[in-house]
>>> print(open('structure29.cif').read())   # mmCIF, C-alpha atoms
data_final
loop_
_atom_site.label_atom_id
_atom_site.label_comp_id
_atom_site.auth_asym_id
_atom_site.auth_seq_id
_atom_site.Cartn_x
_atom_site.Cartn_y
_atom_site.Cartn_z
CA MET A 1 0.00 0.00 0.00
CA GLN A 2 1.38 3.40 -0.94
CA LEU A 3 1.82 5.88 1.87
CA LEU A 4 -0.97 8.23 0.76
CA ASP A 5 -3.40 5.33 0.40
CA ALA A 6 -2.42 4.16 3.86
CA LEU A 7 -2.89 7.63 5.34
CA ASN A 8 -6.30 7.90 3.72
CA TRP A 9 -7.26 4.43 4.99
CA ARG A 10 -6.32 5.09 8.59
CA TYR A 11 -8.32 6.99 11.16
CA ALA A 12 -8.13 7.41 14.93
CA THR A 13 -9.92 4.17 15.74
CA LYS A 14 -12.38 4.66 18.58
CA LYS A 15 -13.48 1.04 19.04
CA MET A 16 -11.29 -2.01 18.53
CA ASN A 17 -12.46 -5.62 18.34
CA GLY A 18 -9.85 -7.42 20.42
CA GLN A 19 -8.25 -9.31 17.50
CA PRO A 20 -4.50 -9.53 18.06
CA VAL A 21 -1.96 -8.03 15.69
CA PRO A 22 0.53 -10.65 14.43
CA GLN A 23 4.02 -10.26 15.81
CA GLU A 24 5.63 -9.70 12.39
CA LYS A 25 3.36 -6.72 11.80
CA VAL A 26 4.17 -5.31 15.24
CA ASP A 27 7.86 -5.78 14.46
CA ASN A 28 7.45 -3.86 11.21
CA ILE A 29 5.71 -1.00 13.02
CA LEU A 30 8.42 -0.91 15.67
CA GLU A 31 11.09 -0.89 12.99
CA ALA A 32 9.57 2.21 11.42
CA ALA A 33 9.78 4.00 14.78
CA TYR A 34 13.34 2.75 15.17
CA LEU A 35 14.40 4.09 11.77
CA ALA A 36 12.85 7.52 12.33
CA PRO A 37 15.29 10.36 11.80
CA THR A 38 16.06 12.39 14.90
CA SER A 39 18.04 15.53 15.62
CA SER A 40 21.77 14.75 15.47
CA GLY A 41 20.83 11.06 15.41
CA LEU A 42 20.36 10.99 19.17
CA GLN A 43 17.08 9.01 19.24
CA PRO A 44 16.28 10.65 22.57
CA PHE A 45 13.34 8.41 23.48
CA LYS A 46 12.33 4.82 23.97
CA VAL A 47 9.40 2.77 22.78
CA ILE A 48 7.78 0.61 25.44
CA ILE A 49 5.62 -2.31 24.32
CA VAL A 50 2.85 -3.46 26.63
CA THR A 51 0.98 -6.71 26.01
CA ASP A 52 0.20 -7.68 29.59
CA GLU A 53 -3.56 -7.51 30.16
CA ALA A 54 -3.34 -6.38 33.77
CA MET A 55 -0.95 -3.60 32.84
CA LYS A 56 -3.21 -2.51 29.98
CA ARG A 57 -6.12 -2.27 32.42
CA LYS A 58 -4.04 -0.08 34.72
CA ILE A 59 -3.07 2.15 31.81
CA ARG A 60 -6.70 2.43 30.69
CA GLU A 61 -7.64 3.68 34.15
CA ILE A 62 -5.26 6.62 33.85
CA ALA A 63 -6.06 7.26 30.19
CA SER A 64 -9.64 8.54 30.35
CA ASP A 65 -10.91 4.94 30.29
CA GLN A 66 -10.30 4.68 26.55
CA SER A 67 -11.39 1.20 25.53
CA GLN A 68 -8.85 0.82 22.73
CA ILE A 69 -6.15 0.33 25.36
CA THR A 70 -7.60 -2.99 26.47
CA ASP A 71 -9.16 -3.92 23.11
CA SER A 72 -5.81 -3.59 21.37
CA SER A 73 -3.25 -6.37 21.52
CA HIS A 74 -0.23 -4.09 21.90
CA VAL A 75 0.07 -0.67 23.46
CA LEU A 76 3.14 1.30 22.43
CA ILE A 77 4.32 4.03 24.77
CA PHE A 78 6.66 6.69 23.45
CA ALA A 79 8.76 8.07 26.32
CA ALA A 80 11.29 10.85 25.80
CA TRP A 81 14.53 11.51 27.61
CA ASP A 82 13.99 13.88 30.51
CA ASN A 83 17.18 15.72 29.58
CA TYR A 84 20.27 15.64 27.37
CA THR A 85 23.42 14.78 29.29
CA VAL A 86 27.10 14.44 28.42
CA GLU A 87 26.92 10.70 29.11
CA ARG A 88 23.92 10.10 26.88
CA ILE A 89 25.37 12.06 23.99
CA ASN A 90 28.79 10.45 24.35
CA LYS A 91 27.25 7.01 24.28
CA VAL A 92 25.45 7.67 21.01
CA TYR A 93 28.55 8.97 19.24
CA GLN A 94 30.79 6.21 20.57
CA HIS A 95 28.30 3.73 19.15
CA ILE A 96 28.17 5.48 15.77
CA GLU A 97 31.96 5.54 15.52
CA THR A 98 32.17 1.85 16.44
CA GLU A 99 29.45 0.80 14.00
CA ARG A 100 31.03 2.74 11.15
CA GLY A 101 34.53 1.55 11.97
CA LEU A 102 35.74 5.11 12.39
CA PRO A 103 38.53 6.22 14.73
CA GLU A 104 37.37 7.19 18.19
CA GLY A 105 36.84 10.93 18.28
CA THR A 106 35.90 11.29 14.59
CA PHE A 107 32.77 13.19 15.58
CA SER A 108 34.30 14.96 18.59
CA ASP A 109 33.96 18.48 17.22
CA TYR A 110 30.33 18.05 16.28
CA LYS A 111 29.51 16.15 19.46
CA ASN A 112 31.18 18.76 21.64
CA ARG A 113 29.23 21.51 19.91
CA ILE A 114 25.84 19.93 20.48
CA THR A 115 26.78 18.89 24.01
CA ALA A 116 27.74 22.47 24.87
CA LEU A 117 24.46 23.69 23.40
CA TYR A 118 22.21 21.15 25.12
CA THR A 119 23.82 21.00 28.52
CA LYS A 120 23.48 24.72 29.08
CA ARG A 121 19.72 24.54 28.49
CA ALA A 122 17.14 23.75 31.17
CA ALA A 123 16.05 20.11 31.45
CA GLU A 124 12.51 21.08 30.54
CA GLN A 125 13.62 22.65 27.26
CA ASN A 126 15.67 19.59 26.42
CA PHE A 127 12.77 17.32 27.25
CA GLU A 128 10.53 19.30 24.90
CA HIS A 129 13.11 18.92 22.17
CA ALA A 130 13.37 15.18 22.82
CA ALA A 131 9.58 14.88 22.84
CA ARG A 132 9.42 16.46 19.38
CA GLN A 133 11.80 13.81 18.08
CA ALA A 134 9.58 11.12 19.59
CA TYR A 135 6.68 12.51 17.59
CA ILE A 136 8.53 11.85 14.33
CA ALA A 137 8.78 8.19 15.30
CA PHE A 138 5.20 8.23 16.54
CA GLY A 139 4.08 9.45 13.12
CA LEU A 140 6.10 6.82 11.30
CA ALA A 141 4.70 4.06 13.52
CA ILE A 142 1.19 5.27 12.69
CA ALA A 143 2.06 5.24 8.97
CA ALA A 144 3.61 1.77 9.19
CA ALA A 145 0.53 0.40 10.94
CA ALA A 146 -1.73 1.88 8.27
CA GLU A 147 0.40 0.42 5.48
CA LEU A 148 -0.19 -3.02 7.04
CA GLN A 149 -3.87 -2.25 7.61
CA VAL A 150 -3.38 -2.42 11.32
CA ASP A 151 -5.46 0.10 13.22
CA ALA A 152 -3.88 2.46 15.69
CA THR A 153 -5.15 5.23 17.89
CA PRO A 154 -2.76 8.09 18.57
CA MET A 155 -3.36 9.21 22.17
CA GLU A 156 -2.17 12.08 24.30
CA GLY A 157 -5.14 12.04 26.65
CA PHE A 158 -3.69 10.33 29.69
CA ASP A 159 -2.23 11.23 33.06
CA ASN A 160 1.45 11.48 32.19
CA ALA A 161 2.69 11.62 35.75
CA ALA A 162 0.64 8.59 36.77
CA LEU A 163 1.85 6.60 33.76
CA ASP A 164 5.43 7.59 34.45
CA GLU A 165 5.07 6.32 37.99
CA LEU A 166 3.33 3.12 36.90
CA LEU A 167 6.13 2.28 34.49
CA GLN A 168 8.90 3.65 36.71
CA LEU A 169 10.02 5.99 33.96
CA PRO A 170 11.68 8.67 36.12
CA GLN A 171 14.17 6.06 37.37
CA GLN A 172 15.08 5.50 33.71
CA GLY A 173 15.37 9.20 32.90
CA LEU A 174 12.21 9.12 30.79
CA LYS A 175 8.86 10.87 30.59
CA SER A 176 5.89 9.50 28.66
CA VAL A 177 4.63 11.55 25.73
CA THR A 178 2.19 9.46 23.68
CA LEU A 179 0.36 6.14 23.54
CA LEU A 180 -0.39 4.06 20.45
CA PRO A 181 -2.69 1.05 20.89
CA LEU A 182 -2.46 -1.38 17.94
CA GLY A 183 -5.37 -3.58 16.97
CA TYR A 184 -8.29 -3.82 14.57
CA ARG A 185 -11.32 -1.62 14.17
CA ASP A 186 -14.72 -2.81 15.34
CA SER A 187 -16.48 -1.38 12.31
CA GLU A 188 -19.99 -2.04 13.60
CA ASN A 189 -19.47 -0.20 16.84
CA ASP A 190 -17.10 2.62 15.96
CA TRP A 191 -18.93 5.92 15.44
CA LEU A 192 -15.99 7.40 13.57
CA VAL A 193 -15.28 4.65 11.05
CA ASN A 194 -17.58 5.93 8.32
CA GLN A 195 -17.17 9.65 8.93
CA LYS A 196 -15.49 11.66 6.23
CA LYS A 197 -11.84 12.47 6.88
CA VAL A 198 -11.69 16.24 7.19
CA ARG A 199 -8.66 18.48 6.96
CA THR A 200 -8.17 22.23 6.97
CA PRO A 201 -8.80 23.74 3.52
CA LYS A 202 -5.58 23.51 1.56
CA ASP A 203 -5.48 27.21 0.77
CA GLU A 204 -5.21 27.83 4.52
CA PHE A 205 -2.84 24.98 5.32
CA PHE A 206 -0.27 25.68 2.63
CA LEU A 207 1.48 28.92 1.88
CA GLN A 208 3.47 29.19 -1.34
CA ILE A 209 6.37 31.58 -1.63
CA ALA A 210 7.17 31.27 -5.31
CA MET B 211 8.45 1.24 -2.24
CA GLN B 212 7.46 -0.12 1.14
CA LEU B 213 7.84 2.22 4.08
CA LEU B 214 10.71 0.33 5.72
CA ASP B 215 12.61 0.16 2.44
CA ALA B 216 12.07 3.88 2.02
CA LEU B 217 13.26 4.62 5.55
CA ASN B 218 16.35 2.52 4.98
CA TRP B 219 17.00 4.26 1.65
CA ARG B 220 16.78 7.78 3.03
CA TYR B 221 19.43 9.66 4.96
CA ALA B 222 19.93 13.26 5.99
CA THR B 223 21.37 14.39 2.68
CA LYS B 224 24.32 16.71 3.19
CA LYS B 225 24.95 17.68 -0.44
CA MET B 226 22.31 18.05 -3.13
CA ASN B 227 22.91 18.37 -6.85
CA GLY B 228 20.45 21.07 -7.84
CA GLN B 229 18.18 18.81 -9.90
CA PRO B 230 14.56 19.92 -9.39
CA VAL B 231 11.89 17.69 -7.89
CA PRO B 232 8.90 17.30 -10.23
CA GLN B 233 5.76 19.07 -9.04
CA GLU B 234 3.70 15.86 -8.76
CA LYS B 235 6.22 14.43 -6.34
CA VAL B 236 6.21 17.62 -4.29
CA ASP B 237 2.42 17.47 -4.24
CA ASN B 238 2.54 13.89 -2.97
CA ILE B 239 4.94 14.88 -0.19
CA LEU B 240 2.75 17.82 0.77
CA GLU B 241 -0.32 15.58 0.79
CA ALA B 242 1.35 13.27 3.32
CA ALA B 243 1.96 16.24 5.62
CA TYR B 244 -1.62 17.36 5.07
CA LEU B 245 -3.05 13.96 6.00
CA ALA B 246 -0.97 13.64 9.16
CA PRO B 247 -3.04 12.95 12.25
CA THR B 248 -2.99 15.70 14.87
CA SER B 249 -4.35 16.11 18.36
CA SER B 250 -8.13 16.64 18.18
CA GLY B 251 -7.73 17.12 14.44
CA LEU B 252 -6.66 20.73 14.88
CA GLN B 253 -3.72 20.70 12.43
CA PRO B 254 -2.14 23.54 14.40
CA PHE B 255 0.55 24.41 11.90
CA LYS B 256 1.12 25.41 8.30
CA VAL B 257 3.49 24.21 5.64
CA ILE B 258 5.22 26.96 3.69
CA ILE B 259 6.74 26.11 0.32
CA VAL B 260 9.67 28.18 -0.90
CA THR B 261 10.93 27.91 -4.47
CA ASP B 262 12.16 31.45 -4.98
CA GLU B 263 15.94 31.44 -5.34
CA ALA B 264 16.50 34.79 -3.64
CA MET B 265 14.39 33.72 -0.68
CA LYS B 266 16.27 30.42 -0.45
CA ARG B 267 19.55 32.33 -0.33
CA LYS B 268 18.22 34.45 2.52
CA ILE B 269 17.10 31.36 4.40
CA ARG B 270 20.47 29.71 3.88
CA GLU B 271 22.15 32.71 5.49
CA ILE B 272 20.18 32.22 8.70
CA ALA B 273 20.43 28.42 8.61
CA SER B 274 24.13 27.85 9.28
CA ASP B 275 24.87 28.27 5.57
CA GLN B 276 23.62 24.76 4.82
CA SER B 277 24.02 24.25 1.08
CA GLN B 278 21.02 21.97 0.70
CA ILE B 279 18.76 24.98 1.09
CA THR B 280 19.90 26.47 -2.20
CA ASP B 281 20.73 23.15 -3.90
CA SER B 282 17.20 21.87 -3.30
CA SER B 283 14.34 22.88 -5.56
CA HIS B 284 11.78 23.26 -2.78
CA VAL B 285 12.23 24.19 0.85
CA LEU B 286 9.34 23.26 3.11
CA ILE B 287 8.96 25.20 6.34
CA PHE B 288 6.82 23.76 9.10
CA ALA B 289 5.46 26.59 11.26
CA ALA B 290 3.29 25.93 14.29
CA TRP B 291 0.51 28.02 15.76
CA ASP B 292 1.87 30.35 18.44
CA ASN B 293 -1.16 29.54 20.62
CA TYR B 294 -4.54 27.85 20.69
CA THR B 295 -7.41 30.30 20.68
CA VAL B 296 -11.20 30.05 20.83
CA GLU B 297 -11.43 31.37 17.28
CA ARG B 298 -8.96 28.89 15.84
CA ILE B 299 -10.58 25.91 17.53
CA ASN B 300 -14.09 27.04 16.59
CA LYS B 301 -13.09 27.39 12.98
CA VAL B 302 -11.77 23.82 12.80
CA TYR B 303 -14.91 22.30 14.30
CA GLN B 304 -17.26 24.41 12.20
CA HIS B 305 -15.42 23.14 9.15
CA ILE B 306 -15.60 19.50 10.30
CA GLU B 307 -19.34 19.79 10.95
CA THR B 308 -19.91 21.38 7.55
CA GLU B 309 -17.81 18.82 5.68
CA ARG B 310 -19.57 15.92 7.38
CA GLY B 311 -23.01 17.42 6.92
CA LEU B 312 -23.61 17.34 10.66
CA PRO B 313 -25.78 19.82 12.59
CA GLU B 314 -23.93 22.85 13.89
CA GLY B 315 -22.88 22.17 17.45
CA THR B 316 -22.52 18.39 17.06
CA PHE B 317 -19.03 18.56 18.53
CA SER B 318 -19.78 21.38 20.98
CA ASP B 319 -19.18 19.37 24.14
CA TYR B 320 -15.86 18.03 22.97
CA LYS B 321 -14.81 21.34 21.48
CA ASN B 322 -15.70 23.24 24.63
CA ARG B 323 -13.69 20.78 26.72
CA ILE B 324 -10.50 21.15 24.71
CA THR B 325 -11.00 24.89 24.40
CA ALA B 326 -11.27 25.21 28.18
CA LEU B 327 -8.16 23.09 28.59
CA TYR B 328 -6.04 24.92 26.02
CA THR B 329 -7.06 28.49 26.66
CA LYS B 330 -6.11 28.32 30.32
CA ARG B 331 -2.58 27.25 29.45
CA ALA B 332 0.27 29.62 28.66
CA ALA B 333 0.88 30.41 24.99
CA GLU B 334 4.32 28.84 25.22
CA GLN B 335 2.91 25.51 26.39
CA ASN B 336 0.33 25.54 23.62
CA PHE B 337 2.99 26.36 21.06
CA GLU B 338 5.05 23.39 22.25
CA HIS B 339 2.01 21.18 21.87
CA ALA B 340 1.34 22.53 18.39
CA ALA B 341 5.01 22.07 17.47
CA ARG B 342 4.81 18.38 18.42
CA GLN B 343 1.90 17.95 16.03
CA ALA B 344 3.93 19.59 13.28
CA TYR B 345 6.63 16.99 13.85
CA ILE B 346 4.19 14.20 13.00
CA ALA B 347 3.60 15.85 9.63
CA PHE B 348 7.31 16.55 9.27
CA GLY B 349 7.99 12.81 9.73
CA LEU B 350 5.34 11.83 7.20
CA ALA B 351 6.70 14.30 4.64
CA ILE B 352 10.16 12.77 5.10
CA ALA B 353 8.69 9.29 4.62
CA ALA B 354 6.74 10.35 1.54
CA ALA B 355 9.84 11.88 -0.01
CA ALA B 356 11.80 8.68 0.62
CA GLU B 357 9.06 6.55 -0.91
CA LEU B 358 9.42 8.61 -4.10
CA GLN B 359 13.21 8.51 -3.88
CA VAL B 360 13.33 12.21 -3.36
CA ASP B 361 16.02 13.32 -0.95
CA ALA B 362 15.21 15.51 2.00
CA THR B 363 17.22 16.96 4.84
CA PRO B 364 15.39 17.44 8.12
CA MET B 365 16.74 20.64 9.69
CA GLU B 366 16.35 22.36 13.02
CA GLY B 367 19.63 24.25 12.85
CA PHE B 368 18.48 27.72 11.90
CA ASP B 369 17.74 31.03 13.57
CA ASN B 370 14.04 30.64 14.28
CA ALA B 371 13.45 34.28 15.20
CA ALA B 372 15.20 35.52 12.07
CA LEU B 373 13.24 33.13 9.85
CA ASP B 374 9.99 34.13 11.52
CA GLU B 375 10.78 37.75 10.79
CA LEU B 376 11.84 37.04 7.21
CA LEU B 377 8.57 35.24 6.48
CA GLN B 378 6.45 37.54 8.63
CA LEU B 379 5.22 34.60 10.65
CA PRO B 380 4.33 36.43 13.89
CA GLN B 381 1.76 38.47 11.97
CA GLN B 382 0.16 35.15 11.00
CA GLY B 383 0.27 33.71 14.51
CA LEU B 384 2.98 31.24 13.54
CA LYS B 385 6.47 30.26 14.67
CA SER B 386 8.84 28.21 12.54
CA VAL B 387 9.87 24.80 13.86
CA THR B 388 11.61 22.86 11.09
CA LEU B 389 12.91 23.06 7.53
CA LEU B 390 12.84 20.34 4.90
CA PRO B 391 14.74 20.99 1.66
CA LEU B 392 13.68 18.60 -1.13
CA GLY B 393 16.04 17.65 -3.91
CA TYR B 394 18.47 14.97 -5.02
CA ARG B 395 21.67 13.74 -3.45
CA ASP B 396 25.01 14.63 -4.97
CA SER B 397 26.43 11.16 -4.37
CA GLU B 398 29.98 12.05 -5.40
CA ASN B 399 30.26 14.95 -3.00
CA ASP B 400 28.19 13.89 0.00
CA TRP B 401 30.36 12.53 2.82
CA LEU B 402 27.37 10.85 4.45
CA VAL B 403 25.88 8.99 1.49
CA ASN B 404 27.86 5.79 1.92
CA GLN B 405 28.09 5.75 5.69
CA LYS B 406 26.27 2.98 7.49
CA LYS B 407 22.93 3.97 9.01
CA VAL B 408 23.36 3.62 12.75
CA ARG B 409 20.69 3.40 15.39
CA THR B 410 20.74 2.79 19.14
CA PRO B 411 20.98 -0.95 19.94
CA LYS B 412 17.47 -2.35 19.94
CA ASP B 413 17.76 -3.78 23.43
CA GLU B 414 18.21 -0.21 24.67
CA PHE B 415 15.64 1.44 22.43
CA PHE B 416 12.78 -0.97 23.10
CA LEU B 417 11.41 -2.04 26.44
CA GLN B 418 8.96 -4.94 26.50
CA ILE B 419 6.44 -5.26 29.29
CA ALA B 420 4.96 -8.68 28.52
#
>>> encode(input="structure29.cif", output="structure tokens")
Amino acid sequence: MQLLDALNWRYATKKMNGQPVPQEKVDNILEAAYLAPTSSGLQPFKVIIVTDEAMKRKIREIASDQSQITDSSHVLIFAAWDNYTVERINKVYQHIETERGLPEGTFSDYKNRITALYTKRAAEQNFEHAARQAYIAFGLAIAAAAELQVDATPMEGFDNAALDELLQLPQQGLKSVTLLPLGYRDSENDWLVNQKKVRTPKDEFFLQIA
Amino acid sequence: MQLLDALNWRYATKKMNGQPVPQEKVDNILEAAYLAPTSSGLQPFKVIIVTDEAMKRKIREIASDQSQITDSSHVLIFAAWDNYTVERINKVYQHIETERGLPEGTFSDYKNRITALYTKRAAEQNFEHAARQAYIAFGLAIAAAAELQVDATPMEGFDNAALDELLQLPQQGLKSVTLLPLGYRDSENDWLVNQKKVRTPKDEFFLQIA
């Protein structure tokens, strides 16, 4: 399925039917998130995969009781770094140098520049920057699901602090940003499934400077 | 091209060759950004398309002199709403109701809830939220370009305030967040083109809660 067809097919599924998503499709969706480009290649977030039913019930409780969380087979949680640190940035560039077989220190100048920039900023500003990167991956996971005709519901409507505590994210230097339940639409019971997809008029959304 | 193949094909092109991207491919890339899902369907950003050579030169000057800006044929600028307002939210929901042929006020309860939530928050917090939505579209535009084997360089490294002034974005209630030059790689002169794509080890990027 071409990307535009997939994006037209998808919608923010409101009711799922409980049918599980095969593992190879989940793996494909995760791979899209993994391959997402990020600023300076830092990938400043993690993707947490929840399949445990009890855990899904707990998440649903702190996510406005949205039924897709327990009617999906997999809930993906995108959690961004709470800050950029020297150690985290060093680790990324050491890994890149190793993987490319380059001498240690090849990227030192660049790495030192971004480290100086990031470490002088407040943690909150760095978290916001990291969260934006997570949204790129979030978008690509949504696209990958649609390409495979797997339904997904992008969600921000949950109690971030409660979810962070539930998953012990602060101890890992992470803060939750979005949820993405994966499953299949319950077409007979989803009020949104047959509604027209509506977007802002194009002449307002695009601005051409020719 | 399947999405994963496209994501593996793409890279943050460092040197472009000046060859123009055909309009139908640009339109496809723009359509992907347009179809991106956003929180409550608000699409709180615009995509600005720059093809004018003089304007591209001016943008390059305030974007760390990155050559892709002038060696691309199209520069996309993602600019997020500087705030959520009653008027902006009302306009979106009026349009959705009209397009779906629903009675005026169908979404009043939902709309009033998000309006109450957003309008009590600081403009800066709302802008950050809007910027995150723009990153979903940014990611989908990058994916669409890759699917069409069009090169694209995701960029944050520019002087946002200077670009906002250049494009008169504050007058439109917008703030720039990212740039995306579209063009074609200059394989002979791009140091990055043959470097291995490196990502964080998967056992660190993913966390399974089974």
>>> atom_distance(input="structure29.cif", atom1="CA of Val408 (chain B)", atom2="CA of Gln23 (chain A)")
24.0 Å
>>> resolve_selection(input="structure29.cif", expression="the PyMOL selection byres ((chain B and resi 304) around 10)", output="short mmCIF file (atom, residue, chain, number, x, y, z; two decimals) with C-alpha atoms, in the frame of the given file")
data_model
loop_
_atom_site.label_atom_id
_atom_site.label_comp_id
_atom_site.auth_asym_id
_atom_site.auth_seq_id
_atom_site.Cartn_x
_atom_site.Cartn_y
_atom_site.Cartn_z
CA ILE B 299 -10.58 25.91 17.53
CA ASN B 300 -14.09 27.04 16.59
CA LYS B 301 -13.09 27.39 12.98
CA VAL B 302 -11.77 23.82 12.80
CA TYR B 303 -14.91 22.30 14.30
CA HIS B 305 -15.42 23.14 9.15
CA ILE B 306 -15.60 19.50 10.30
CA GLU B 307 -19.34 19.79 10.95
CA THR B 308 -19.91 21.38 7.55
CA GLU B 309 -17.81 18.82 5.68
CA LEU B 312 -23.61 17.34 10.66
CA PRO B 313 -25.78 19.82 12.59
CA GLU B 314 -23.93 22.85 13.89
CA GLY B 315 -22.88 22.17 17.45
CA THR B 316 -22.52 18.39 17.06
CA PHE B 317 -19.03 18.56 18.53
CA SER B 318 -19.78 21.38 20.98
#
>>> closest_residue(input="structure29.cif", among="A:Asn189, A:Gln149, A:Gln43, A:Asn28", to="Ala79 (chain A)", atoms="only C-alpha atoms")
A:Gln43
>>> resolve_selection(input="structure29.cif", expression="the PyMOL selection byres ((chain A and resi 57-62) around 10)", output="list in words")
Val50, Asp52, Glu53, Ala54, Met55, Lys56, Ala63, Ser64, Asp65, Gln66, Ser67, Gln68, Ile69, Thr70, Asp71, Val75, Gly157, Phe158, Asp159, Asn160, Ala161, Ala162, Leu163, Leu166, Leu167 and Leu179 of chain A
>>> closest_residue(input="structure29.cif", among="B:Val257, B:Val231, B:Phe348, B:Met211", to="Gln208 (chain A)", atoms="all atoms listed in the file")
B:Val257
>>> residues_around(input="structure29.cif", residues="Ser250 (chain B)", least_positions_apart="2", cutoff="9 Å", atoms="all atoms listed in the file", output="MDAnalysis selection string")
chainID B and resid 247:248 252:253 321 324
>>> resolve_selection(input="structure29.cif", expression="the PyMOL selection byres ((chain B and resi 245) around 8)", output="ChimeraX atom specification")
/A:7-8,199 /B:241-244,246-247,347
>>> atom_distance(input="structure29.cif", atom1="CA of Gln125 (chain A)", atom2="CA of Gln335 (chain B)")
11.1 Å
>>> closest_residue(input="structure29.cif", among="B:Asn293, B:Gln343, B:Ser386, B:Gln212", to="Glu147 (chain A)", atoms="all atoms listed in the file")
B:Gln212
>>> atom_distance(input="structure29.cif", atom1="CA of Arg132 (chain A)", atom2="CA of Ser73 (chain A)")
26.2 Å
>>> residues_around(input="structure29.cif", residues="Asp82 (chain A)", least_positions_apart="2", cutoff="6 Å", atoms="only C-alpha atoms", output="ChimeraX atom specification")
/A:127,173-175
>>> residues_around(input="structure29.cif", residues="Ala341 (chain B)", least_positions_apart="4", cutoff="7 Å", atoms="all atoms listed in the file", output="ChimeraX atom specification")
/B:290,337,345,387
>>> closest_residue(input="structure29.cif", among="B:Leu390, B:Ala351, B:Ile346, B:Leu379", to="chain A", atoms="only C-alpha atoms")
B:Ile346
>>> closest_residue(input="structure29.cif", among="B:Tyr328, B:Phe415, B:Tyr394, B:Trp401", to="chain A", atoms="all atoms listed in the file")
B:Phe415
>>> closest_residue(input="structure29.cif", among="A:Ala116, A:Ala152, A:Ala130, A:Leu4", to="chain B", atoms="only C-alpha atoms")
A:Leu4
>>> residues_around(input="structure29.cif", residues="Leu392 (chain B)", least_positions_apart="2", cutoff="6 Å", atoms="all atoms listed in the file", output="ChimeraX atom specification")
/B:282,284,361-362
